[in-house]
Amino acid sequence: MTYRRSAWIAYLLLSPALLCLAVFRLWPIATTLLGSLYSQSIMQAGKDVFVGLNNYAQLFRDPIFWESLWVTIKLNLVINPLQVFIALLLAIMANQRFRGIGFYRLLFFIPLGVSVPIASILWRIMLDPNSGLANSLINLIGIPSQPFLISKDQALWCIVAIATWKGASFWMIFLWAGLQDIPRQLYEAARIDGAGGISRFFRITFPLLRRPLLFVLITDTAVNFLLFVPMFLLTRGGPSYSTNVLMYEAYKSGFVYGDMGRALALVMVLLVLVIATVAMQFRLFSQEEAN
Amino acid sequence: MNTSADRFAHRLAYWRCFCLIATLSGCVLGSAYAATVLHWMTLSDNTWPANVKKVIAAFEAQNPDIKIQLDTYPFRDLFETIEVRMKAQDKDVDLISVDVPLVASYSVRGYLAPLDAYFSKDQIEKTWIKASWHAGMYNGHFMAAPQNTSTQFMFINRKLFRDAGIEPPKGLTADQTVTYDQVAQIATNDRWTWEQVVDAAKKLTKTESGRTEVWGFEFDQVSRLYQLQCLGDSLGATLVGPDGLTAQGYFNSAGWLKAAQWYGDLFNKWKISPKNVTPDESPSLFSGGKVAIFVGGEWNVGRFKEAGVDFEVAPIPYFKEGKPASGTGSWHVGISKNSQHQAEAAKFIQFLCASDAGATVWFEGQGQSPAMIALWSKISADQKFHTFPDDAYLLGDYEAQHTAVPRPLTPAYLQLEDIFASTYEDIRNGVDPKDALDGAAQRLDVFFAQFKR
């Protein structure tokens, strides 16, 4: 079979997947880009009119946009490393073999069984500043009651905590699967050679876990850039815009204010941001792999 | 000679003919009597859908050729769904429940079909009170018909007042009969000021080992424009400029700054109102005996009566240096511009909003202040409305005539309402009122600029 013929067969076999990619990924991106160049005209009974890059120009002049961008970046700078770190820690713990490990594994999996809306509502009740469980507990150890979700200094970090509680156990599964793929003989050989726990982690576990880690980091980043439900259910972007991430601002523009042009422009900015971050992560990991 | 197989074949043939005729007749009869189905996007909150269904049943009994199907959504979701479905030019939407300040916004964006062909000017003026039909107009066209209007009262928990040894304000109480003139007298001479409310609420707030067991005061629709507009109105301040598209100097005027400071102090300085309570939760605090003074809509009268609260109804307070002002306006019904059944939809609106039969069923079920003149005349004449708690409608009538101030008329009401709510929520949570109002006015003007192009 010639190379040319086998390439055609490969393309043919890939075509259903490529078609799905085009229909479900590229087409929506193209329509979003196109929609962001239009705006609703008040003078023409709400008709969409072509405005070119005007939606973007207005966005970049809008202080709310810059505030939202900063909140989004701040959230992602903290939540992504935190979730991956906790997921890795949980995966290593779940990978241990000793009596009663099944109970701990069950504990790690519990947040997975709770949907994000239900988790948000449960945490809202627990973080209630008037009668929540969290304040009752910290009062017991002499710390005064905290405002949590109604404070502009604490709300974002409460959302980070809630999303991490829910997300870390999910990402743990991928890392745990990666850990189970590492041959046990390597650890045994290293132990015979006198390698300690830390040395075994950095010289065996971490290098061989690189691919699952890269997958988790990239997917987690994409998911957290689009994090929306806790803001929608718990804070509505407040207090004082402290949790008003770009995704929530886009939702508000499109579905609350009816300004779809602005909403789509915001989504395009978010897309560029996610692509840039993921590309950077890819580059960093491939550089390390090459080294 | 027929064999049994032939007989079976004949029977089968007859049976097939019968089935065919029956099916065809069914189709013909079915198409002749097929009812037009209208889809109505409306609220799913509390008793609303159940009472709407009562009106629909009465309408369908009179009009068997029209069926109404409800698409119901919670308060906040309704506005978002309207945006999505109207932007998508959904032909399956015929009737829309329109919150009255959004008439301009929906009209300007081509969501609503004018009702001019179905309601003459004369009928409009003779059917509804002026404030209500006027709010349904845009650019000289009648865009949405008033389903009901609303008013605001101050509810007093008499037991909590007795326990604290405080004399409640003069109002409408059980076991008394009042006339409209007596109600007017109470509203004119005995109306409390907000300063009196704070003084009483401080004494009524009960704290035990660091936890507040009883709160002195609470608003019904916390931080919402509809609820709080009376504060600025009482001080003579408006939220937006006369063009409806200027916030700077209005949203953050001296009057609104004083109102915002007072609002923030309720939660942060005097600590007489609870934080982190949503508008859905606040009425249950009053009915559960956790709040002593509650300012909210007239639809709470029935709820509190049913809950067995020992309460009285008093006029909404005002600032000592200002004048009485109360919230008004409520739900209208409009026809979607994309509806394929506009004439049938108009027929239903005529029944629900403009006919004695439909409007009475709605009023008796839902209990919100009517927008129909004929119903107000009935209320004045009926002795039932001179005893507690139905005499609250007499107070509602007084407020509608003397203190009611409609919400701002602006095509950017969606933005105004959302930013108002988040700003006052911030103030409630301790943000400096001046910073909050200045920031919000700046943000609003950015949004308003889009409507000036």
# chains A, B, ... in the order shown; residues from 1 in each chain; ligands from 1

call {"tool": "select_by_dssp", "arguments": {"residues": "range 158-394 of chain B", "states": "alpha helix (DSSP H)", "output": "MDAnalysis selection string"}}
result
chainID B and resid 158:164 180:189 194:204 225:234 254:268 282:287 300:306 342:349 356:366 373:381 392:394

call {"tool": "interface_residues", "arguments": {"of": "chain A", "to": "chain B", "cutoff": "9 Å", "atoms": "only C-alpha atoms", "output": "VMD selection string"}}
result
chain A and resid 40 to 47 62 to 64 128 to 131 147 149 to 152 236 to 241 254 to 258

call {"tool": "select_by_dssp", "arguments": {"residues": "range 332-377 of chain B", "states": "strand (DSSP E)", "output": "mmCIF file with C-alpha atoms, in the first residue's frame"}}
result
data_model
loop_
_atom_site.group_PDB
_atom_site.id
_atom_site.type_symbol
_atom_site.label_atom_id
_atom_site.label_comp_id
_atom_site.auth_asym_id
_atom_site.auth_seq_id
_atom_site.Cartn_x
_atom_site.Cartn_y
_atom_site.Cartn_z
ATOM 1 C CA HIS B 332 -49.147 43.874 31.960
ATOM 2 C CA VAL B 333 -49.844 41.407 29.159
ATOM 3 C CA GLY B 334 -48.632 41.902 25.602
ATOM 4 C CA ILE B 335 -48.732 39.992 22.321
ATOM 5 C CA SER B 336 -45.521 38.707 20.785
#

call {"tool": "atom_distance", "arguments": {"atom1": "CA of Leu437 in chain B", "atom2": "CA of Met231 in chain A"}}
result
22.5 Å

call {"tool": "decode", "arguments": {"residues": "range 248-280 of chain A", "atoms": "N, CA and C atoms", "output": "PDB file, in the first residue's frame"}}
result
ATOM      1  N   TYR A 248     -19.578  35.388  33.531  1.00  0.00           N
ATOM      2  CA  TYR A 248     -20.818  35.895  34.119  1.00  0.00           C
ATOM      3  C   TYR A 248     -21.223  37.218  33.467  1.00  0.00           C
ATOM      4  N   GLU A 249     -20.221  38.052  33.173  1.00  0.00           N
ATOM      5  CA  GLU A 249     -20.498  39.327  32.516  1.00  0.00           C
ATOM      6  C   GLU A 249     -21.096  39.087  31.124  1.00  0.00           C
ATOM      7  N   ALA A 250     -20.570  38.048  30.416  1.00  0.00           N
ATOM      8  CA  ALA A 250     -21.091  37.713  29.090  1.00  0.00           C
ATOM      9  C   ALA A 250     -22.535  37.234  29.198  1.00  0.00           C
ATOM     10  N   TYR A 251     -22.791  36.394  30.193  1.00  0.00           N
ATOM     11  CA  TYR A 251     -24.162  35.900  30.409  1.00  0.00           C
ATOM     12  C   TYR A 251     -25.114  37.072  30.672  1.00  0.00           C
ATOM     13  N   LYS A 252     -24.659  37.995  31.543  1.00  0.00           N
ATOM     14  CA  LYS A 252     -25.502  39.132  31.922  1.00  0.00           C
ATOM     15  C   LYS A 252     -25.786  40.017  30.702  1.00  0.00           C
ATOM     16  N   SER A 253     -24.745  40.269  29.905  1.00  0.00           N
ATOM     17  CA  SER A 253     -24.935  41.107  28.717  1.00  0.00           C
ATOM     18  C   SER A 253     -25.938  40.476  27.760  1.00  0.00           C
ATOM     19  N   GLY A 254     -25.798  39.163  27.542  1.00  0.00           N
ATOM     20  CA  GLY A 254     -26.644  38.497  26.556  1.00  0.00           C
ATOM     21  C   GLY A 254     -28.046  38.239  27.037  1.00  0.00           C
ATOM     22  N   PHE A 255     -28.168  37.726  28.246  1.00  0.00           N
ATOM     23  CA  PHE A 255     -29.480  37.236  28.678  1.00  0.00           C
ATOM     24  C   PHE A 255     -30.217  38.142  29.653  1.00  0.00           C
ATOM     25  N   VAL A 256     -29.501  39.036  30.322  1.00  0.00           N
ATOM     26  CA  VAL A 256     -30.204  39.959  31.230  1.00  0.00           C
ATOM     27  C   VAL A 256     -30.434  41.297  30.512  1.00  0.00           C
ATOM     28  N   TYR A 257     -29.370  41.828  29.856  1.00  0.00           N
ATOM     29  CA  TYR A 257     -29.497  43.131  29.192  1.00  0.00           C
ATOM     30  C   TYR A 257     -29.942  43.008  27.732  1.00  0.00           C
ATOM     31  N   GLY A 258     -29.921  41.785  27.185  1.00  0.00           N
ATOM     32  CA  GLY A 258     -30.335  41.601  25.793  1.00  0.00           C
ATOM     33  C   GLY A 258     -29.347  42.175  24.791  1.00  0.00           C
ATOM     34  N   ASP A 259     -28.087  42.395  25.203  1.00  0.00           N
ATOM     35  CA  ASP A 259     -27.074  42.959  24.305  1.00  0.00           C
ATOM     36  C   ASP A 259     -26.173  41.810  23.820  1.00  0.00           C
ATOM     37  N   MET A 260     -26.641  41.089  22.790  1.00  0.00           N
ATOM     38  CA  MET A 260     -25.946  39.881  22.350  1.00  0.00           C
ATOM     39  C   MET A 260     -24.586  40.202  21.719  1.00  0.00           C
ATOM     40  N   GLY A 261     -24.470  41.359  21.030  1.00  0.00           N
ATOM     41  CA  GLY A 261     -23.194  41.733  20.403  1.00  0.00           C
ATOM     42  C   GLY A 261     -22.086  41.841  21.442  1.00  0.00           C
ATOM     43  N   ARG A 262     -22.375  42.519  22.543  1.00  0.00           N
ATOM     44  CA  ARG A 262     -21.392  42.676  23.626  1.00  0.00           C
ATOM     45  C   ARG A 262     -21.069  41.318  24.247  1.00  0.00           C
ATOM     46  N   ALA A 263     -22.111  40.505  24.445  1.00  0.00           N
ATOM     47  CA  ALA A 263     -21.905  39.182  25.056  1.00  0.00           C
ATOM     48  C   ALA A 263     -20.977  38.335  24.186  1.00  0.00           C
ATOM     49  N   LEU A 264     -21.192  38.344  22.873  1.00  0.00           N
ATOM     50  CA  LEU A 264     -20.369  37.518  21.982  1.00  0.00           C
ATOM     51  C   LEU A 264     -18.942  38.054  21.913  1.00  0.00           C
ATOM     52  N   ALA A 265     -18.795  39.381  21.967  1.00  0.00           N
ATOM     53  CA  ALA A 265     -17.439  39.956  21.987  1.00  0.00           C
ATOM     54  C   ALA A 265     -16.705  39.501  23.253  1.00  0.00           C
ATOM     55  N   LEU A 266     -17.417  39.481  24.372  1.00  0.00           N
ATOM     56  CA  LEU A 266     -16.813  39.019  25.632  1.00  0.00           C
ATOM     57  C   LEU A 266     -16.397  37.551  25.529  1.00  0.00           C
ATOM     58  N   VAL A 267     -17.258  36.739  24.907  1.00  0.00           N
ATOM     59  CA  VAL A 267     -16.952  35.312  24.761  1.00  0.00           C
ATOM     60  C   VAL A 267     -15.712  35.127  23.875  1.00  0.00           C
ATOM     61  N   MET A 268     -15.580  35.948  22.836  1.00  0.00           N
ATOM     62  CA  MET A 268     -14.399  35.848  21.957  1.00  0.00           C
ATOM     63  C   MET A 268     -13.124  36.199  22.726  1.00  0.00           C
ATOM     64  N   VAL A 269     -13.207  37.235  23.561  1.00  0.00           N
ATOM     65  CA  VAL A 269     -12.044  37.615  24.378  1.00  0.00           C
ATOM     66  C   VAL A 269     -11.669  36.453  25.300  1.00  0.00           C
ATOM     67  N   LEU A 270     -12.692  35.839  25.873  1.00  0.00           N
ATOM     68  CA  LEU A 270     -12.479  34.711  26.781  1.00  0.00           C
ATOM     69  C   LEU A 270     -11.828  33.545  26.035  1.00  0.00           C
ATOM     70  N   LEU A 271     -12.281  33.314  24.813  1.00  0.00           N
ATOM     71  CA  LEU A 271     -11.726  32.229  23.999  1.00  0.00           C
ATOM     72  C   LEU A 271     -10.238  32.467  23.723  1.00  0.00           C
ATOM     73  N   VAL A 272      -9.912  33.708  23.365  1.00  0.00           N
ATOM     74  CA  VAL A 272      -8.503  34.051  23.096  1.00  0.00           C
ATOM     75  C   VAL A 272      -7.674  33.831  24.355  1.00  0.00           C
ATOM     76  N   LEU A 273      -8.240  34.233  25.480  1.00  0.00           N
ATOM     77  CA  LEU A 273      -7.541  34.097  26.765  1.00  0.00           C
ATOM     78  C   LEU A 273      -7.271  32.620  27.085  1.00  0.00           C
ATOM     79  N   VAL A 274      -8.280  31.779  26.885  1.00  0.00           N
ATOM     80  CA  VAL A 274      -8.132  30.341  27.176  1.00  0.00           C
ATOM     81  C   VAL A 274      -7.092  29.732  26.231  1.00  0.00           C
ATOM     82  N   ILE A 275      -7.172  30.059  24.927  1.00  0.00           N
ATOM     83  CA  ILE A 275      -6.227  29.499  23.950  1.00  0.00           C
ATOM     84  C   ILE A 275      -4.798  29.916  24.311  1.00  0.00           C
ATOM     85  N   ALA A 276      -4.623  31.186  24.654  1.00  0.00           N
ATOM     86  CA  ALA A 276      -3.281  31.687  24.987  1.00  0.00           C
ATOM     87  C   ALA A 276      -2.727  30.959  26.224  1.00  0.00           C
ATOM     88  N   THR A 277      -3.587  30.795  27.243  1.00  0.00           N
ATOM     89  CA  THR A 277      -3.129  30.141  28.477  1.00  0.00           C
ATOM     90  C   THR A 277      -2.778  28.677  28.219  1.00  0.00           C
ATOM     91  N   VAL A 278      -3.648  27.987  27.478  1.00  0.00           N
ATOM     92  CA  VAL A 278      -3.415  26.572  27.209  1.00  0.00           C
ATOM     93  C   VAL A 278      -2.154  26.399  26.353  1.00  0.00           C
ATOM     94  N   ALA A 279      -1.962  27.289  25.378  1.00  0.00           N
ATOM     95  CA  ALA A 279      -0.769  27.212  24.521  1.00  0.00           C
ATOM     96  C   ALA A 279       0.492  27.388  25.368  1.00  0.00           C
ATOM     97  N   MET A 280       0.414  28.307  26.317  1.00  0.00           N
ATOM     98  CA  MET A 280       1.557  28.558  27.195  1.00  0.00           C
ATOM     99  C   MET A 280       1.861  27.314  28.048  1.00  0.00           C
TER     100      MET A 280
END
